[in-house]
$ cat structure.txt   # compact mmCIF, C-alpha atoms
# COMPACT_ATOMS: atom_id res chain seq x y z
CA MET A 218 0.00 0.00 0.00
CA THR A 219 1.23 3.49 -0.75
CA ALA A 220 0.17 6.68 0.98
CA GLU A 221 0.73 10.02 -0.71
CA GLN A 222 0.88 13.24 1.29
CA TYR A 223 -0.25 16.40 -0.49
CA ILE A 224 0.22 20.04 0.43
CA GLY A 225 -2.32 21.82 -1.73
CA ASP A 226 -2.02 20.18 -5.14
CA SER A 227 1.62 19.23 -4.68
CA LEU A 228 2.86 15.79 -3.72
CA GLU A 229 5.18 16.19 -0.75
CA ARG A 230 5.89 12.63 0.30
CA THR A 231 5.13 9.03 -0.65
CA ASN A 232 5.22 6.32 2.02
CA VAL A 233 4.83 2.59 1.58
CA PHE A 234 3.23 0.12 3.99
CA SER A 235 3.03 -3.63 3.66
CA LEU A 236 0.92 -6.28 5.33
CA ILE A 237 1.43 -10.01 4.86
CA VAL A 238 -1.57 -12.09 5.89
CA ASN A 239 -2.08 -15.83 6.14
CA ILE A 240 -5.34 -16.29 4.27
CA GLU A 241 -6.07 -19.53 6.12
CA ASP A 242 -6.37 -17.94 9.57
CA GLY A 243 -6.44 -14.21 8.75
CA LYS A 244 -3.44 -13.47 10.97
CA GLU A 245 -0.65 -11.07 10.11
CA VAL A 246 2.69 -12.64 9.21
CA ALA A 247 6.02 -11.12 10.25
CA LEU A 248 9.54 -11.89 9.07
CA ASP A 249 10.24 -14.17 12.04
CA ASP A 250 7.11 -16.16 11.20
CA LEU A 251 8.70 -17.04 7.88
CA PHE A 252 12.34 -17.51 8.84
CA ASN A 253 14.49 -18.53 11.79
CA THR A 254 15.77 -15.01 12.42
CA ASP A 255 18.94 -15.87 14.34
CA ALA A 256 22.39 -14.29 14.01
CA THR A 257 23.25 -16.43 10.99
CA PHE A 258 20.08 -15.36 9.21
CA ALA A 259 20.81 -11.69 9.96
CA LYS A 260 24.30 -12.08 8.49
CA ASP A 261 23.07 -13.85 5.36
CA LEU A 262 20.24 -11.37 4.88
CA LEU A 263 22.59 -8.39 5.17
CA GLY A 264 24.94 -9.98 2.66
CA SER A 265 22.11 -10.70 0.21
CA ILE A 266 20.72 -7.16 0.43
CA MET A 267 24.16 -5.60 0.01
CA LYS A 268 24.81 -7.67 -3.13
CA VAL A 269 21.61 -6.29 -4.64
CA TYR A 270 22.55 -2.77 -3.50
CA GLU A 271 26.02 -2.95 -5.10
CA LYS A 272 24.45 -3.76 -8.49
CA ASP A 273 21.80 -1.03 -8.40
CA GLU A 274 23.26 2.41 -9.19
CA LYS A 275 19.86 4.08 -8.88
CA VAL A 276 19.43 2.91 -5.28
CA GLN A 277 23.02 3.88 -4.45
CA LYS A 278 22.15 7.47 -5.33
CA GLN A 279 19.06 7.38 -3.09
CA ILE A 280 20.71 5.97 0.03
CA ASP A 281 24.33 5.68 1.14
CA GLU A 282 25.79 2.39 2.35
CA LYS A 283 26.09 3.38 6.02
CA THR A 284 22.46 4.50 6.19
CA LEU A 285 21.37 1.30 4.47
CA VAL A 286 23.29 -0.95 6.88
CA ARG A 287 21.98 0.99 9.87
CA ALA A 288 18.38 0.65 8.61
CA ILE A 289 18.82 -3.09 8.05
CA GLU A 290 20.28 -3.63 11.52
CA LYS A 291 17.35 -1.72 13.06
CA GLN A 292 14.91 -3.59 10.78
CA ASN A 293 13.62 -0.20 9.68
CA TRP A 294 11.68 -1.63 6.76
CA ASN A 295 8.47 -3.00 5.36
CA ILE A 296 8.48 -6.33 3.57
CA ALA A 297 6.37 -7.96 0.88
CA LEU A 298 6.40 -11.44 -0.67
CA LYS A 299 6.07 -11.43 -4.43
CA GLU A 300 6.44 -14.78 -6.15
CA SER A 301 10.13 -15.70 -6.02
CA HIS A 302 11.44 -12.70 -4.08
CA ILE A 303 11.04 -10.93 -0.78
CA HIS A 304 10.92 -7.16 -1.25
CA PHE A 305 12.39 -4.84 1.39
CA TYR A 306 11.16 -1.23 1.50
CA ILE A 307 13.93 0.36 3.52
CA ALA A 308 13.77 3.83 5.05
CA THR A 309 16.29 6.31 3.65
CA GLU A 310 16.08 8.48 6.80
CA GLN A 311 15.71 11.49 4.52
CA ASN A 312 12.77 13.88 4.43
CA ASP A 313 12.19 13.84 0.70
CA SER A 314 9.35 12.86 -1.60
CA GLN A 315 10.49 9.22 -1.68
CA PRO A 316 11.61 8.28 1.86
CA PHE A 317 12.34 4.63 1.07
CA VAL A 318 14.17 2.42 -1.40
CA GLU A 319 13.06 -0.97 -2.66
CA LEU A 320 15.46 -3.92 -2.78
CA LYS A 321 14.42 -7.47 -3.58
CA VAL A 322 16.17 -10.64 -2.47
CA SER A 323 15.58 -14.05 -3.99
CA LEU A 324 13.84 -16.46 -1.63
CA GLU A 325 16.21 -19.11 -2.92
CA GLN A 326 19.09 -17.34 -1.17
CA LEU A 327 17.32 -17.59 2.21
CA LYS A 328 15.64 -20.97 1.91
CA GLN A 329 18.03 -22.61 4.38
CA HIS A 330 16.59 -20.34 7.07
CA ALA A 331 12.94 -20.96 6.22
CA LYS A 332 10.75 -22.48 8.92
CA LYS A 333 9.41 -25.94 8.26
CA ASP A 334 5.85 -24.76 7.78
CA LEU A 335 6.84 -22.20 5.16
CA THR A 336 6.36 -23.26 1.56
CA LEU A 337 8.47 -21.16 -0.74
CA THR A 338 6.59 -20.81 -4.01
CA ALA A 339 9.63 -19.61 -5.91
CA LYS A 340 9.25 -19.90 -9.66
CA ASN A 341 11.90 -20.55 -12.23
CA GLU A 342 12.03 -17.00 -13.53
CA LYS A 343 14.05 -17.89 -16.59
CA SER A 344 11.55 -20.49 -17.75
CA GLU A 345 8.62 -18.21 -16.86
CA LYS A 346 10.04 -15.39 -18.94
CA SER A 347 10.72 -17.68 -21.86
CA LYS A 348 7.07 -18.71 -21.88
CA LYS A 349 5.90 -15.13 -22.23
CA ALA A 350 5.08 -13.95 -25.69
CA LYS A 351 7.05 -11.08 -27.10
CA PRO A 352 5.38 -7.74 -26.42
CA LYS A 353 3.16 -6.45 -29.16
CA LYS A 354 4.10 -3.37 -31.07
CA GLN A 355 3.10 -0.04 -29.67
CA GLN A 356 -0.58 0.58 -30.05
CA LYS A 357 0.00 3.79 -31.97
CA GLU A 358 1.47 1.71 -34.80
CA LYS A 359 -1.79 -0.14 -35.41
CA LYS A 360 -3.37 0.92 -38.66
CA GLN A 361 -6.45 2.96 -37.87
CA PRO A 362 -9.18 3.83 -40.33
CA LYS A 363 -9.02 7.37 -41.61
CA LYS A 364 -11.13 9.70 -39.51
CA ASP A 365 -13.53 12.22 -40.96
CA THR A 366 -11.96 15.50 -39.87
CA SER A 367 -15.28 17.32 -40.39
CA LYS A 368 -16.65 15.58 -37.28
CA LYS A 369 -16.12 16.57 -33.65
CA TYR A 370 -13.75 14.40 -31.62
CA VAL A 371 -12.76 14.13 -27.97
CA ALA A 372 -10.24 11.90 -26.19
CA LEU A 373 -11.24 10.55 -22.79
CA THR A 374 -8.22 9.86 -20.58
CA PHE A 375 -8.08 8.15 -17.20
CA ASP A 376 -5.13 8.52 -14.83
CA ASP A 377 -3.69 6.77 -11.77
CA GLY A 378 -5.19 3.31 -12.27
CA PRO A 379 -5.72 0.51 -12.58
CA SER A 380 -8.24 0.06 -9.79
CA PRO A 381 -9.90 -3.33 -9.19
CA HIS A 382 -13.09 -1.55 -8.11
CA VAL A 383 -13.49 1.50 -10.37
CA THR A 384 -11.71 0.59 -13.62
CA PRO A 385 -14.11 -2.28 -14.48
CA LEU A 386 -17.10 0.05 -13.99
CA ILE A 387 -15.58 2.58 -16.38
CA LEU A 388 -14.88 -0.17 -18.91
CA GLU A 389 -18.55 -1.21 -18.79
CA THR A 390 -19.69 2.33 -19.59
CA LEU A 391 -17.17 2.72 -22.42
CA GLN A 392 -18.30 -0.59 -23.90
CA GLU A 393 -21.93 0.53 -23.75
CA TYR A 394 -21.06 3.50 -25.97
CA ASP A 395 -18.61 1.54 -28.12
CA ALA A 396 -15.97 4.11 -27.12
CA LYS A 397 -12.21 3.76 -26.83
CA ALA A 398 -10.21 5.76 -24.28
CA THR A 399 -6.61 6.17 -23.15
CA PHE A 400 -5.54 4.92 -19.70
CA PHE A 401 -2.43 6.49 -18.17
CA MET A 402 -1.39 3.88 -15.63
CA ILE A 403 0.82 4.00 -12.54
CA GLY A 404 3.50 1.31 -12.66
CA SER A 405 3.23 0.34 -9.00
CA ARG A 406 -0.53 -0.17 -9.38
CA VAL A 407 -0.01 -2.23 -12.53
CA GLU A 408 2.30 -4.45 -10.50
CA TYR A 409 -0.43 -4.98 -7.90
CA TYR A 410 -3.33 -5.32 -10.37
CA PRO A 411 -1.89 -6.77 -13.61
CA SER A 412 -5.14 -8.56 -14.47
CA VAL A 413 -7.06 -5.26 -14.41
CA ALA A 414 -4.46 -3.63 -16.67
CA LYS A 415 -4.80 -6.56 -19.06
CA GLN A 416 -8.59 -6.19 -18.96
CA VAL A 417 -8.20 -2.60 -20.19
CA ALA A 418 -5.86 -3.62 -23.00
CA ASP A 419 -8.02 -6.59 -24.02
CA ALA A 420 -10.98 -4.24 -24.37
CA GLY A 421 -9.04 -2.34 -27.06
CA HIS A 422 -8.22 0.80 -25.08
CA GLU A 423 -4.93 2.64 -25.38
CA ILE A 424 -2.38 1.90 -22.67
CA ALA A 425 -0.14 4.80 -21.62
CA ASN A 426 2.52 5.58 -19.02
CA HIS A 427 1.95 7.80 -15.97
CA SER A 428 5.19 7.03 -14.06
CA LEU A 429 5.96 4.48 -11.35
CA TRP A 430 4.99 6.30 -8.15
CA HIS A 431 3.40 9.57 -9.33
CA PRO A 432 6.17 11.94 -8.18
CA ASP A 433 6.74 15.53 -9.26
CA LEU A 434 9.24 14.86 -12.03
CA THR A 435 10.67 18.37 -11.90
CA LYS A 436 12.19 17.45 -8.53
CA LEU A 437 13.96 14.39 -9.91
CA SER A 438 17.18 13.88 -11.86
CA TYR A 439 17.18 12.71 -15.47
CA LYS A 440 18.14 9.19 -14.36
CA GLN A 441 15.28 9.08 -11.86
CA ILE A 442 12.83 10.30 -14.50
CA GLU A 443 14.09 7.65 -16.87
CA ALA A 444 13.61 4.97 -14.21
CA GLN A 445 10.08 6.16 -13.43
CA PHE A 446 8.91 5.68 -17.00
CA GLU A 447 11.05 2.74 -18.10
CA GLU A 448 10.13 0.60 -15.08
CA THR A 449 6.47 1.39 -15.73
CA SER A 450 6.81 0.50 -19.41
CA ASN A 451 8.30 -2.85 -18.42
CA LYS A 452 5.45 -3.57 -16.02
CA LEU A 453 2.89 -2.60 -18.65
CA GLU A 454 4.54 -4.89 -21.21
CA GLN A 455 4.51 -7.77 -18.75
CA ALA A 456 0.87 -7.23 -17.82
CA THR A 457 -0.68 -6.28 -21.17
CA GLY A 458 1.79 -7.21 -23.91
CA TYR A 459 1.94 -3.60 -25.09
CA LYS A 460 4.74 -1.06 -24.93
CA PRO A 461 3.25 2.42 -24.40
CA SER A 462 4.19 5.30 -26.66
CA LEU A 463 2.54 8.08 -24.62
CA ILE A 464 3.60 9.50 -21.27
CA ARG A 465 1.80 11.90 -18.97
CA PRO A 466 3.86 13.61 -16.25
CA PRO A 467 2.12 13.55 -12.85
CA TYR A 468 0.46 16.92 -12.09
CA GLY A 469 1.28 17.92 -15.67
CA ALA A 470 4.68 19.03 -14.35
CA PHE A 471 7.59 18.62 -16.74
CA ASP A 472 10.87 20.32 -17.53
CA HIS A 473 13.81 20.04 -19.92
CA ASP A 474 14.85 16.64 -18.53
CA VAL A 475 11.38 15.18 -19.11
CA GLU A 476 11.34 16.58 -22.65
CA ALA A 477 14.83 15.19 -23.27
CA PHE A 478 13.73 11.74 -22.08
CA ALA A 479 10.64 11.89 -24.31
CA GLU A 480 12.68 12.89 -27.33
CA LYS A 481 15.26 10.18 -26.73
CA GLY A 482 12.61 7.46 -26.41
CA ASN A 483 10.27 8.94 -29.05
CA TYR A 484 7.47 9.33 -26.52
CA ALA A 485 4.73 11.92 -26.81
CA ILE A 486 4.09 14.00 -23.69
CA VAL A 487 0.34 14.20 -23.21
CA LEU A 488 -1.36 16.84 -21.09
CA TRP A 489 -5.04 17.82 -21.24
CA THR A 490 -7.44 20.64 -22.05
CA VAL A 491 -10.33 19.76 -19.70
CA ASP A 492 -9.68 18.90 -16.05
CA SER A 493 -12.63 17.19 -14.36
CA LEU A 494 -11.14 17.73 -10.88
CA ASP A 495 -12.80 14.45 -9.97
CA TRP A 496 -10.16 13.83 -7.30
CA LYS A 497 -11.79 16.49 -5.12
CA ALA A 498 -15.36 16.35 -6.48
CA PRO A 499 -18.10 16.41 -3.82
CA ASN A 500 -20.50 14.57 -6.15
CA LYS A 501 -20.97 13.34 -9.71
CA GLN A 502 -22.78 16.52 -10.77
CA PHE A 503 -19.59 18.48 -10.11
CA VAL A 504 -17.61 16.20 -12.43
CA TYR A 505 -20.31 16.33 -15.10
CA ASP A 506 -20.47 20.14 -15.03
CA ARG A 507 -16.67 20.49 -15.21
CA VAL A 508 -16.39 18.26 -18.26
CA ILE A 509 -19.40 19.48 -20.24
CA SER A 510 -18.68 23.15 -19.62
CA GLY A 511 -15.08 22.81 -20.80
CA VAL A 512 -15.34 20.42 -23.72
CA ASN A 513 -14.77 21.46 -27.32
CA ASP A 514 -13.73 19.80 -30.57
CA GLY A 515 -10.30 18.20 -30.12
CA ALA A 516 -10.44 18.23 -26.33
CA ILE A 517 -8.40 15.89 -24.15
CA ILE A 518 -10.43 15.24 -21.00
CA LEU A 519 -8.63 14.36 -17.77
CA MET A 520 -10.34 11.96 -15.35
CA HIS A 521 -9.18 9.25 -12.95
CA ASP A 522 -10.24 5.62 -12.83
CA ILE A 523 -9.64 5.35 -9.08
CA HIS A 524 -12.57 7.46 -7.86
CA GLN A 525 -16.10 6.09 -7.61
CA VAL A 526 -17.52 9.53 -8.38
CA THR A 527 -15.89 9.34 -11.83
CA ALA A 528 -17.54 6.03 -12.62
CA ASP A 529 -20.85 7.46 -11.41
CA ALA A 530 -20.61 10.60 -13.57
CA LEU A 531 -19.30 8.96 -16.76
CA PRO A 532 -22.60 7.59 -18.19
CA GLU A 533 -24.25 11.03 -18.18
CA ILE A 534 -21.10 12.68 -19.52
CA MET A 535 -20.97 10.31 -22.47
CA GLU A 536 -24.68 10.53 -23.15
CA THR A 537 -24.46 14.33 -23.35
CA LEU A 538 -21.34 14.27 -25.53
CA VAL A 539 -23.01 11.88 -27.95
CA LYS A 540 -26.08 14.13 -28.15
CA GLU A 541 -23.79 17.09 -28.87
CA GLY A 542 -22.24 15.22 -31.80
CA TYR A 543 -18.89 14.20 -30.34
CA HIS A 544 -17.04 11.03 -31.33
CA PHE A 545 -14.69 9.27 -28.93
CA VAL A 546 -11.11 8.47 -29.95
CA THR A 547 -7.86 7.56 -28.25
CA VAL A 548 -5.18 10.19 -27.76
CA SER A 549 -3.06 8.68 -30.54
CA GLU A 550 -6.02 8.83 -32.91
CA LEU A 551 -6.72 12.42 -31.89
CA LEU A 552 -3.08 13.21 -32.45
CA GLU A 553 -3.35 12.08 -36.04
CA ILE A 554 -6.56 14.03 -36.53
CA LEU A 555 -4.99 17.20 -35.19
CA ASP A 556 -1.85 16.53 -37.22
CA GLU A 557 0.37 17.28 -34.24
CA LYS A 558 4.04 16.31 -34.29
CA LYS A 559 5.72 14.00 -31.78
CA PRO A 560 7.51 13.93 -29.44
CA GLY A 561 6.42 16.98 -27.51
CA PRO A 562 3.61 18.24 -25.31
CA ILE A 563 0.09 17.66 -26.63
CA TYR A 564 -2.41 20.20 -25.43
CA GLY A 565 -5.23 19.32 -27.78
CA LYS A 566 -7.11 21.72 -30.03
CA MET A 567 -7.74 24.96 -28.16
$ encode --input "structure.txt" --output "structure tokens"
Amino acid sequence: MTAEQYIGDSLERTNVFSLIVNIEDGKEVALDDLFNTDATFAKDLLGSIMKVYEKDEKVQKQIDEKTLVRAIEKQNWNIALKESHIHFYIATEQNDSQPFVELKVSLEQLKQHAKKDLTLTAKNEKSEKSKKAKPKKQQKEKKQPKKDTSKKYVALTFDDGPSPHVTPLILETLQEYDAKATFFMIGSRVEYYPSVAKQVADAGHEIANHSLWHPDLTKLSYKQIEAQFEETSNKLEQATGYKPSLIRPPYGAFDHDVEAFAEKGNYAIVLWTVDSLDWKAPNKQFVYDRVISGVNDGAIILMHDIHQVTADALPEIMETLVKEGYHFVTVSELLEILDEKKPGPIYGKM
């Protein structure tokens, strides 16, 4: 679980919390429930974590070795079991927007310390990866029928998902209107809900990249920006089979480094022209009024598929847009209609 702290509209800090539960008895599981946490285990664990640390230049820039060792010795961490690895979210002891680093250790390295009642479900990662089909080409490369530029078009976009509760509701409404939209997904959420991300892709919607943790990219280095998007692209490929070609900076905040990354990777930076403000909406009428009052031909509408109020407002929004003669397209399709050039910020037709 991640918790984001906002001051006004700005993200100030992201924290992570983990909870391992035995589904048979509903009780919480701690590290010493899984392993014999004696002195030998502590030594082996420290050695395993440090080997991972020494190979990860990105983490080395986020936390120095002394701070890391001190945090490990104090067990100043959260842990999560994910298939063949145990993930350690270790406090950096710094008051910045990302106060932890993530390091993962293979369960195989610690199996000699496992308690007898612990079944390690480690998978052969090499064989698992070889079974996976190669990722499909970017969705923007699919041949789309020529659009009639005399018609009115809008692109519906949904940020911050996927959500196992709200995203399926939005997909139902889009299907009812035979509409395709663009979903800008958060990499960490894709990791937790890969089946929901795949559901979006299987329904024919455009998959796009909204960073790994939703940080303010203008406060990060080029390397950190690169990691935010590339790690998310990898998770999206694994979950959906598609490599995204569109990125949307969290909060719409970007600078020269973000533009340089987009140009290098041939990504299009996508912003919006209509902000539903659904994240602070008191009710669905508020969202409806914001969208309908701001829409025009060529608009890119910003919504979020993590808020129930968005799912509640969407049917009436779409019904009104249809009555007003609008046709729904993905951002890539709208881009072609507007004859914009990529890479670069896309603001839509003003």
$ atom_distance --input "structure.txt" --atom1 "CA of Gln502 (chain A)" --atom2 "CA of Ala530 (chain A)"
6.9 Å
$ atom_distance --input "structure.txt" --atom1 "CA of His521 (chain A)" --atom2 "CA of Gln455 (chain A)"
22.6 Å
$ residues_around --input "structure.txt" --residues "Thr435 (chain A)" --least-positions-apart "3" --cutoff "10 Å" --atoms "only C-alpha atoms" --output "list in words"
Pro432, Ser438, Tyr439, Ile442, Pro466, Pro467, Ala470, Phe471, Asp472, His473, Asp474 and Val475 of chain A
$ write_last_selection --input "structure.txt" --atoms "C-alpha atoms" --output "PDB file, in the frame of the given file"
ATOM      1  CA  PRO A 432       6.170  11.940  -8.180  1.00  0.00           C
ATOM      2  CA  SER A 438      17.180  13.880 -11.860  1.00  0.00           C
ATOM      3  CA  TYR A 439      17.180  12.710 -15.470  1.00  0.00           C
ATOM      4  CA  ILE A 442      12.830  10.300 -14.500  1.00  0.00           C
ATOM      5  CA  PRO A 466       3.860  13.610 -16.250  1.00  0.00           C
ATOM      6  CA  PRO A 467       2.120  13.550 -12.850  1.00  0.00           C
ATOM      7  CA  ALA A 470       4.680  19.030 -14.350  1.00  0.00           C
ATOM      8  CA  PHE A 471       7.590  18.620 -16.740  1.00  0.00           C
ATOM      9  CA  ASP A 472      10.870  20.320 -17.530  1.00  0.00           C
ATOM     10  CA  HIS A 473      13.810  20.040 -19.920  1.00  0.00           C
ATOM     11  CA  ASP A 474      14.850  16.640 -18.530  1.00  0.00           C
ATOM     12  CA  VAL A 475      11.380  15.180 -19.110  1.00  0.00           C
TER      13      VAL A 475
END
$ residues_around --input "structure.txt" --residues "Ile237 (chain A)" --least-positions-apart "6" --cutoff "7 Å" --atoms "all atoms listed in the file" --output "PDB file with C-alpha atoms, in the coordinates of the input"
ATOM      1  CA  GLU A 245      -0.650 -11.070  10.110  1.00  0.00           C
ATOM      2  CA  VAL A 246       2.690 -12.640   9.210  1.00  0.00           C
ATOM      3  CA  ALA A 297       6.370  -7.960   0.880  1.00  0.00           C
TER       4      ALA A 297
END
$ residues_near_point --input "structure.txt" --point "(-8.7, 4.1, -20.7)" --cutoff "9 Å" --atoms "all atoms listed in the file" --output "VMD selection string"
chain A and resid 373 to 376 384 387 to 388 391 397 to 402 417 to 418 422 to 425 522 547
$ residues_around --input "structure.txt" --residues "region 304-309 of chain A" --least-positions-apart "5" --cutoff "8 Å" --atoms "all atoms listed in the file" --output "MDAnalysis selection string"
chainID A and resid 233 279:280 284:285 288:289 293:299 316:322
$ closest_residue --input "structure.txt" --among "A:Tyr394, A:Pro385, A:Val548, A:Thr537" --to "Ile464 (chain A)" --atoms "only C-alpha atoms"
A:Val548
$ decode --input "structure.txt" --residues "region 482-522 of chain A" --atoms "C-alpha atoms" --output "PDB file, in the first residue's frame"
ATOM      1  CA  GLY A 482      12.609   7.457 -26.413  1.00  0.00           C
ATOM      2  CA  ASN A 483      10.271   8.938 -29.049  1.00  0.00           C
ATOM      3  CA  TYR A 484       7.474   9.331 -26.515  1.00  0.00           C
ATOM      4  CA  ALA A 485       4.730  11.924 -26.808  1.00  0.00           C
ATOM      5  CA  ILE A 486       4.092  14.005 -23.686  1.00  0.00           C
ATOM      6  CA  VAL A 487       0.341  14.197 -23.210  1.00  0.00           C
ATOM      7  CA  LEU A 488      -1.358  16.836 -21.090  1.00  0.00           C
ATOM      8  CA  TRP A 489      -5.041  17.816 -21.241  1.00  0.00           C
ATOM      9  CA  THR A 490      -7.442  20.638 -22.055  1.00  0.00           C
ATOM     10  CA  VAL A 491     -10.328  19.764 -19.704  1.00  0.00           C
ATOM     11  CA  ASP A 492      -9.679  18.903 -16.046  1.00  0.00           C
ATOM     12  CA  SER A 493     -12.625  17.188 -14.358  1.00  0.00           C
ATOM     13  CA  LEU A 494     -11.136  17.733 -10.876  1.00  0.00           C
ATOM     14  CA  ASP A 495     -12.796  14.451  -9.971  1.00  0.00           C
ATOM     15  CA  TRP A 496     -10.158  13.828  -7.296  1.00  0.00           C
ATOM     16  CA  LYS A 497     -11.792  16.492  -5.118  1.00  0.00           C
ATOM     17  CA  ALA A 498     -15.357  16.345  -6.478  1.00  0.00           C
ATOM     18  CA  PRO A 499     -18.096  16.411  -3.820  1.00  0.00           C
ATOM     19  CA  ASN A 500     -20.500  14.572  -6.148  1.00  0.00           C
ATOM     20  CA  LYS A 501     -20.972  13.339  -9.711  1.00  0.00           C
ATOM     21  CA  GLN A 502     -22.782  16.522 -10.773  1.00  0.00           C
ATOM     22  CA  PHE A 503     -19.594  18.482 -10.111  1.00  0.00           C
ATOM     23  CA  VAL A 504     -17.607  16.197 -12.434  1.00  0.00           C
ATOM     24  CA  TYR A 505     -20.312  16.330 -15.103  1.00  0.00           C
ATOM     25  CA  ASP A 506     -20.471  20.136 -15.030  1.00  0.00           C
ATOM     26  CA  ARG A 507     -16.671  20.493 -15.207  1.00  0.00           C
ATOM     27  CA  VAL A 508     -16.390  18.255 -18.262  1.00  0.00           C
ATOM     28  CA  ILE A 509     -19.398  19.477 -20.239  1.00  0.00           C
ATOM     29  CA  SER A 510     -18.683  23.154 -19.622  1.00  0.00           C
ATOM     30  CA  GLY A 511     -15.078  22.811 -20.798  1.00  0.00           C
ATOM     31  CA  VAL A 512     -15.341  20.425 -23.719  1.00  0.00           C
ATOM     32  CA  ASN A 513     -14.772  21.455 -27.317  1.00  0.00           C
ATOM     33  CA  ASP A 514     -13.730  19.802 -30.568  1.00  0.00           C
ATOM     34  CA  GLY A 515     -10.305  18.197 -30.123  1.00  0.00           C
ATOM     35  CA  ALA A 516     -10.436  18.230 -26.328  1.00  0.00           C
ATOM     36  CA  ILE A 517      -8.402  15.886 -24.150  1.00  0.00           C
ATOM     37  CA  ILE A 518     -10.431  15.243 -21.000  1.00  0.00           C
ATOM     38  CA  LEU A 519      -8.635  14.357 -17.768  1.00  0.00           C
ATOM     39  CA  MET A 520     -10.345  11.960 -15.350  1.00  0.00           C
ATOM     40  CA  HIS A 521      -9.177   9.249 -12.954  1.00  0.00           C
ATOM     41  CA  ASP A 522     -10.244   5.617 -12.835  1.00  0.00           C
TER      42      ASP A 522
END
